[in-house]
Amino acid sequence: MNPSNDVAARIEIIRKAFEDQRRMKQTNMNSGVAASPADQPQGQELNFNNFGQFDNFPNFTDFGQFFDFPNASS
Amino acid sequence: MDGNAAILFPVRLVILQASPFCNIDCDYCYLGNRLDKRRISLTTLRAVARFLSSCEVGNEPLTVCWHVGEPLTVSRDFYEDAFNCLRENCTRPSLVHNFQTNATLIDDDWCRFFKKWSVRIGVSVDGPKEIHDAHRVDRAKRGTFDRTMRGIKHLKNADVPFSVLCVLTKDMLGQADRMWDFWSSLGVSAVGINPEEIEGTHFRSGLFHSVYAEQVRQFFTRLTERQQQAQSKTFQIRELAQMRSQLEGRADTVVHRSVNRPGSIISINLDGDISTFSPELLAARDSPYGPLTWGNVHRDTWGTFAENTGFKRANAEVLSGIEKCRATCGYFAVCGGGDPSNKLAENGTFDSTETHHCRLHVKIVADVVMQSLERELGLDREEAFDGNRCNIDAA
């Protein structure tokens, strides 16, 4: 199989494309073009809290929590 | 902190069961004792506070979610006492309380209480009336949609923000546009979508046939399209937003799931029994591992909990299962190794890999978001994608 067909490779390609975008924006910022906070590079570790709140979505925490209880039973 | 607790991660979320009782009777619920009206005592809550004081936590406020039963079936007076008890007896960072509720009991008095204590609210509602009422019924088998919407109206009138959590059932498939319009009408900022799961006392899922996987894919694809077409800022869909966030990370981004990191989530039932990993384990019965509670707040600390033999065995198997996922699954980089409760319910062991739940909730979502991002980034690979998406027939 072509490596680009592999899911892991696709993930890597997408992440690298985003890194390139951020690098380009950083370059633009250094040369006087402003970047928005959303353009800043992300941290290395994301905590995918599948059950609890959006750990990496501060704006979400203002609107209650998500709890990945099966079948949202309550 | 006790040295033996080194295998535990800092607590990020505490699940507290005020009562197992639920005033409604959803046909997909995994809890087996929803008629039990007992409630947690203040004595046990003081012990909870002592236990939490012994735990390693971060510096941010600790999130406490009242759930595993409908929290609003217990009185406001109880919660006044409970919140004060925890505040006075817990030495850890301040607590942020959350209710995950069916909203049927919400009135103006509850809204005043939510505001007084800055309680965060998640409402369980499955969509337009006939979709919601197909599964979310009371014990007389009457739909609960009207009662839930009445509660939501109280929240909106009182300006109490809330998120929505819904269960993706086969009744919802093919209805992505209606679901989108329904969520828009609620005025929420965020929606979480959980596929109907096999858990606890719910042994069959209407979605667990490969024929539905393609429809689940179409459902998430259509939601992605609606999100892109939206003219103004709209609500976020948790599954799509989380996946995008994970794909936007650096190439060496490590994705962790709190549900498979011991200690990250601590679940405590009304008797003070303690569990960790997926909160659903608190209610699991007949496990090959025996009881899935590994301590009690009346006698244990963070350190003695970590020493529990049953916990150590479970932890070893959860870790082994994660490593097997890492070694065998291309989606590991955006998943982190799956959910132990789904592995146990579907595969009979924590030490396992793929589940139908992860096909529907991780792999298909990843396929949809990756395809969208590849277009956005100019990495179009339509013809390759068809040969490379999650194998839905593996079910």
# chains A, B, ... in the order shown; residues from 1 in each chain; ligands from 1
call {"tool": "residues_around", "arguments": {"residues": "Phe220 (chain B)", "least_positions_apart": "4", "cutoff": "8 Å", "atoms": "only C-alpha atoms", "output": "count of residues only"}}
result
5
call {"tool": "interface_residues", "arguments": {"of": "chain B", "to": "chain A", "cutoff": "6 Å", "atoms": "only C-alpha atoms", "output": "ChimeraX atom specification"}}
result
/B:29,69-70,101-102,120-122,124,161-163,167,196-197,247-251,253-258,330
call {"tool": "write_last_selection", "arguments": {"atoms": "N, CA and C atoms", "output": "PDB file, in the first residue's frame"}}
result
ATOM      1  N   CYS B  29     -30.539   2.821  28.696  1.00  0.00           N
ATOM      2  CA  CYS B  29     -29.737   3.132  29.886  1.00  0.00           C
ATOM      3  C   CYS B  29     -28.962   1.904  30.361  1.00  0.00           C
ATOM      4  N   GLY B  69     -27.401   8.374  37.779  1.00  0.00           N
ATOM      5  CA  GLY B  69     -28.718   8.576  38.378  1.00  0.00           C
ATOM      6  C   GLY B  69     -29.091  10.023  38.051  1.00  0.00           C
ATOM      7  N   GLU B  70     -30.371  10.337  38.097  1.00  0.00           N
ATOM      8  CA  GLU B  70     -30.779  11.716  37.797  1.00  0.00           C
ATOM      9  C   GLU B  70     -30.515  12.590  39.020  1.00  0.00           C
ATOM     10  N   THR B 101     -28.192  16.125  33.400  1.00  0.00           N
ATOM     11  CA  THR B 101     -29.596  15.943  33.785  1.00  0.00           C
ATOM     12  C   THR B 101     -30.503  15.747  32.584  1.00  0.00           C
ATOM     13  N   ASN B 102     -31.629  15.072  32.835  1.00  0.00           N
ATOM     14  CA  ASN B 102     -32.627  14.959  31.765  1.00  0.00           C
ATOM     15  C   ASN B 102     -33.505  16.207  31.687  1.00  0.00           C
ATOM     16  N   ARG B 120     -22.680  24.035  36.412  1.00  0.00           N
ATOM     17  CA  ARG B 120     -22.724  23.849  34.965  1.00  0.00           C
ATOM     18  C   ARG B 120     -23.705  22.730  34.631  1.00  0.00           C
ATOM     19  N   ILE B 121     -24.402  22.941  33.545  1.00  0.00           N
ATOM     20  CA  ILE B 121     -25.499  22.032  33.210  1.00  0.00           C
ATOM     21  C   ILE B 121     -25.275  21.382  31.852  1.00  0.00           C
ATOM     22  N   GLY B 122     -25.406  20.070  31.830  1.00  0.00           N
ATOM     23  CA  GLY B 122     -25.476  19.338  30.576  1.00  0.00           C
ATOM     24  C   GLY B 122     -26.845  18.683  30.499  1.00  0.00           C
ATOM     25  N   SER B 124     -29.458  16.101  28.697  1.00  0.00           N
ATOM     26  CA  SER B 124     -29.580  14.940  27.809  1.00  0.00           C
ATOM     27  C   SER B 124     -30.876  15.064  27.024  1.00  0.00           C
ATOM     28  N   PRO B 161     -26.618  28.927  31.009  1.00  0.00           N
ATOM     29  CA  PRO B 161     -26.071  28.229  29.830  1.00  0.00           C
ATOM     30  C   PRO B 161     -26.045  26.720  30.042  1.00  0.00           C
ATOM     31  N   PHE B 162     -26.156  26.007  28.963  1.00  0.00           N
ATOM     32  CA  PHE B 162     -26.126  24.546  29.061  1.00  0.00           C
ATOM     33  C   PHE B 162     -25.583  23.961  27.766  1.00  0.00           C
ATOM     34  N   SER B 163     -25.030  22.775  27.888  1.00  0.00           N
ATOM     35  CA  SER B 163     -24.636  22.019  26.707  1.00  0.00           C
ATOM     36  C   SER B 163     -25.633  20.881  26.522  1.00  0.00           C
ATOM     37  N   VAL B 167     -27.768  10.797  22.477  1.00  0.00           N
ATOM     38  CA  VAL B 167     -27.384   9.436  22.115  1.00  0.00           C
ATOM     39  C   VAL B 167     -27.765   9.213  20.654  1.00  0.00           C
ATOM     40  N   GLU B 196     -25.152   4.965  20.632  1.00  0.00           N
ATOM     41  CA  GLU B 196     -25.737   4.017  21.583  1.00  0.00           C
ATOM     42  C   GLU B 196     -24.746   2.890  21.827  1.00  0.00           C
ATOM     43  N   GLU B 197     -24.482   2.625  23.082  1.00  0.00           N
ATOM     44  CA  GLU B 197     -23.424   1.677  23.435  1.00  0.00           C
ATOM     45  C   GLU B 197     -23.971   0.440  24.127  1.00  0.00           C
ATOM     46  N   LEU B 247      -6.065  16.690  15.159  1.00  0.00           N
ATOM     47  CA  LEU B 247      -5.374  16.676  13.867  1.00  0.00           C
ATOM     48  C   LEU B 247      -4.592  17.952  13.623  1.00  0.00           C
ATOM     49  N   GLU B 248      -4.953  19.013  14.324  1.00  0.00           N
ATOM     50  CA  GLU B 248      -4.220  20.270  14.178  1.00  0.00           C
ATOM     51  C   GLU B 248      -2.962  20.307  15.029  1.00  0.00           C
ATOM     52  N   GLY B 249      -2.790  19.333  15.888  1.00  0.00           N
ATOM     53  CA  GLY B 249      -1.641  19.323  16.784  1.00  0.00           C
ATOM     54  C   GLY B 249      -0.337  19.107  16.028  1.00  0.00           C
ATOM     55  N   ARG B 250       0.748  19.253  16.753  1.00  0.00           N
ATOM     56  CA  ARG B 250       2.046  19.008  16.123  1.00  0.00           C
ATOM     57  C   ARG B 250       2.174  17.532  15.736  1.00  0.00           C
ATOM     58  N   ALA B 251       3.116  17.268  14.873  1.00  0.00           N
ATOM     59  CA  ALA B 251       3.263  15.896  14.372  1.00  0.00           C
ATOM     60  C   ALA B 251       3.503  14.907  15.511  1.00  0.00           C
ATOM     61  N   THR B 253       2.267  15.154  18.507  1.00  0.00           N
ATOM     62  CA  THR B 253       1.225  15.290  19.527  1.00  0.00           C
ATOM     63  C   THR B 253       0.842  13.932  20.107  1.00  0.00           C
ATOM     64  N   VAL B 254       0.751  13.901  21.408  1.00  0.00           N
ATOM     65  CA  VAL B 254       0.304  12.684  22.092  1.00  0.00           C
ATOM     66  C   VAL B 254      -1.115  12.924  22.596  1.00  0.00           C
ATOM     67  N   VAL B 255      -2.024  12.094  22.200  1.00  0.00           N
ATOM     68  CA  VAL B 255      -3.403  12.222  22.643  1.00  0.00           C
ATOM     69  C   VAL B 255      -3.660  11.231  23.772  1.00  0.00           C
ATOM     70  N   HIS B 256      -4.157  11.748  24.869  1.00  0.00           N
ATOM     71  CA  HIS B 256      -4.483  10.880  25.996  1.00  0.00           C
ATOM     72  C   HIS B 256      -5.980  10.902  26.241  1.00  0.00           C
ATOM     73  N   ARG B 257      -6.462   9.821  26.734  1.00  0.00           N
ATOM     74  CA  ARG B 257      -7.860   9.750  27.149  1.00  0.00           C
ATOM     75  C   ARG B 257      -7.906   9.636  28.670  1.00  0.00           C
ATOM     76  N   SER B 258      -8.668  10.503  29.285  1.00  0.00           N
ATOM     77  CA  SER B 258      -8.795  10.404  30.739  1.00  0.00           C
ATOM     78  C   SER B 258      -9.394   9.061  31.147  1.00  0.00           C
ATOM     79  N   GLY B 330      -4.024   2.284  13.175  1.00  0.00           N
ATOM     80  CA  GLY B 330      -3.561   3.514  12.551  1.00  0.00           C
ATOM     81  C   GLY B 330      -4.181   4.763  13.143  1.00  0.00           C
TER      82      GLY B 330
END
call {"tool": "residues_around", "arguments": {"residues": "Asn23 (chain B)", "least_positions_apart": "6", "cutoff": "10 Å", "atoms": "only C-alpha atoms", "output": "list in words"}}
result
Ser74 of chain A; Arg34, Leu35, Lys37, Gly69, Glu70, Pro71, Leu72, Thr73, Asn102, Thr104, Leu105, Val137, Asp138 and Arg139 of chain B
call {"tool": "write_last_selection", "arguments": {"atoms": "N, CA and C atoms", "output": "PDB file, in the first residue's frame"}}
result
ATOM      1  N   SER A  74     -28.988   9.972  32.048  1.00  0.00           N
ATOM      2  CA  SER A  74     -29.732  10.737  33.033  1.00  0.00           C
ATOM      3  C   SER A  74     -30.866  11.516  32.396  1.00  0.00           C
TER       4      SER A  74
ATOM      5  N   ARG B  34     -31.947   1.834  38.882  1.00  0.00           N
ATOM      6  CA  ARG B  34     -32.493   3.186  38.740  1.00  0.00           C
ATOM      7  C   ARG B  34     -33.739   3.433  39.582  1.00  0.00           C
ATOM      8  N   LEU B  35     -34.202   2.379  40.305  1.00  0.00           N
ATOM      9  CA  LEU B  35     -35.340   2.569  41.201  1.00  0.00           C
ATOM     10  C   LEU B  35     -34.895   2.742  42.653  1.00  0.00           C
ATOM     11  N   LYS B  37     -33.863   4.590  45.631  1.00  0.00           N
ATOM     12  CA  LYS B  37     -34.015   6.003  46.001  1.00  0.00           C
ATOM     13  C   LYS B  37     -33.081   6.440  47.127  1.00  0.00           C
ATOM     14  N   GLY B  69     -27.401   8.374  37.779  1.00  0.00           N
ATOM     15  CA  GLY B  69     -28.718   8.576  38.378  1.00  0.00           C
ATOM     16  C   GLY B  69     -29.091  10.023  38.051  1.00  0.00           C
ATOM     17  N   GLU B  70     -30.371  10.337  38.097  1.00  0.00           N
ATOM     18  CA  GLU B  70     -30.779  11.716  37.797  1.00  0.00           C
ATOM     19  C   GLU B  70     -30.515  12.590  39.020  1.00  0.00           C
ATOM     20  N   PRO B  71     -29.576  13.528  38.923  1.00  0.00           N
ATOM     21  CA  PRO B  71     -29.194  14.287  40.118  1.00  0.00           C
ATOM     22  C   PRO B  71     -30.314  15.169  40.670  1.00  0.00           C
ATOM     23  N   LEU B  72     -31.229  15.606  39.816  1.00  0.00           N
ATOM     24  CA  LEU B  72     -32.239  16.538  40.307  1.00  0.00           C
ATOM     25  C   LEU B  72     -33.400  15.842  41.014  1.00  0.00           C
ATOM     26  N   THR B  73     -33.346  14.525  41.151  1.00  0.00           N
ATOM     27  CA  THR B  73     -34.347  13.853  41.971  1.00  0.00           C
ATOM     28  C   THR B  73     -34.026  14.024  43.453  1.00  0.00           C
ATOM     29  N   ASN B 102     -31.629  15.072  32.835  1.00  0.00           N
ATOM     30  CA  ASN B 102     -32.627  14.959  31.765  1.00  0.00           C
ATOM     31  C   ASN B 102     -33.505  16.207  31.687  1.00  0.00           C
ATOM     32  N   THR B 104     -36.040  17.262  33.096  1.00  0.00           N
ATOM     33  CA  THR B 104     -37.500  17.218  33.276  1.00  0.00           C
ATOM     34  C   THR B 104     -37.944  17.868  34.585  1.00  0.00           C
ATOM     35  N   LEU B 105     -37.041  17.981  35.541  1.00  0.00           N
ATOM     36  CA  LEU B 105     -37.429  18.528  36.850  1.00  0.00           C
ATOM     37  C   LEU B 105     -36.972  19.972  37.044  1.00  0.00           C
ATOM     38  N   VAL B 137     -38.100   7.560  27.595  1.00  0.00           N
ATOM     39  CA  VAL B 137     -39.481   7.435  28.068  1.00  0.00           C
ATOM     40  C   VAL B 137     -39.506   7.324  29.585  1.00  0.00           C
ATOM     41  N   ASP B 138     -40.706   7.518  30.154  1.00  0.00           N
ATOM     42  CA  ASP B 138     -40.849   7.290  31.595  1.00  0.00           C
ATOM     43  C   ASP B 138     -41.291   5.847  31.831  1.00  0.00           C
ATOM     44  N   ARG B 139     -41.606   5.520  33.064  1.00  0.00           N
ATOM     45  CA  ARG B 139     -41.920   4.119  33.361  1.00  0.00           C
ATOM     46  C   ARG B 139     -43.292   3.697  32.850  1.00  0.00           C
TER      47      ARG B 139
END
call {"tool": "closest_residue", "arguments": {"among": "B:Pro10, B:Pro340, B:Gly58, B:Pro195", "to": "Ala284 (chain B)", "atoms": "only C-alpha atoms"}}
result
B:Pro340
call {"tool": "atom_distance", "arguments": {"atom1": "CA of Glu346 (chain B)", "atom2": "CA of Phe332 (chain B)"}}
result
18.9 Å
call {"tool": "atom_distance", "arguments": {"atom1": "CA of Val74 (chain B)", "atom2": "CA of Arg112 (chain B)"}}
result
15.9 Å
call {"tool": "closest_residue", "arguments": {"among": "B:His97, B:Arg87, B:Arg46, B:Lys153", "to": "Thr63 (chain B)", "atoms": "only C-alpha atoms"}}
result
B:His97
call {"tool": "closest_residue", "arguments": {"among": "B:Val334, B:Leu52, B:Leu13, B:Leu42", "to": "Ile265 (chain B)", "atoms": "only C-alpha atoms"}}
result
B:Leu13
call {"tool": "select_by_dssp", "arguments": {"residues": "region 136-316 of chain B", "states": "alpha helix (DSSP H)", "output": "VMD selection string"}}
result
chain B and resid 145 to 157 176 to 186 210 to 229 238 to 248 302 to 307 309 to 316
call {"tool": "atom_distance", "arguments": {"atom1": "CA of Phe78 (chain B)", "atom2": "CA of Ala103 (chain B)"}}
result
18.1 Å
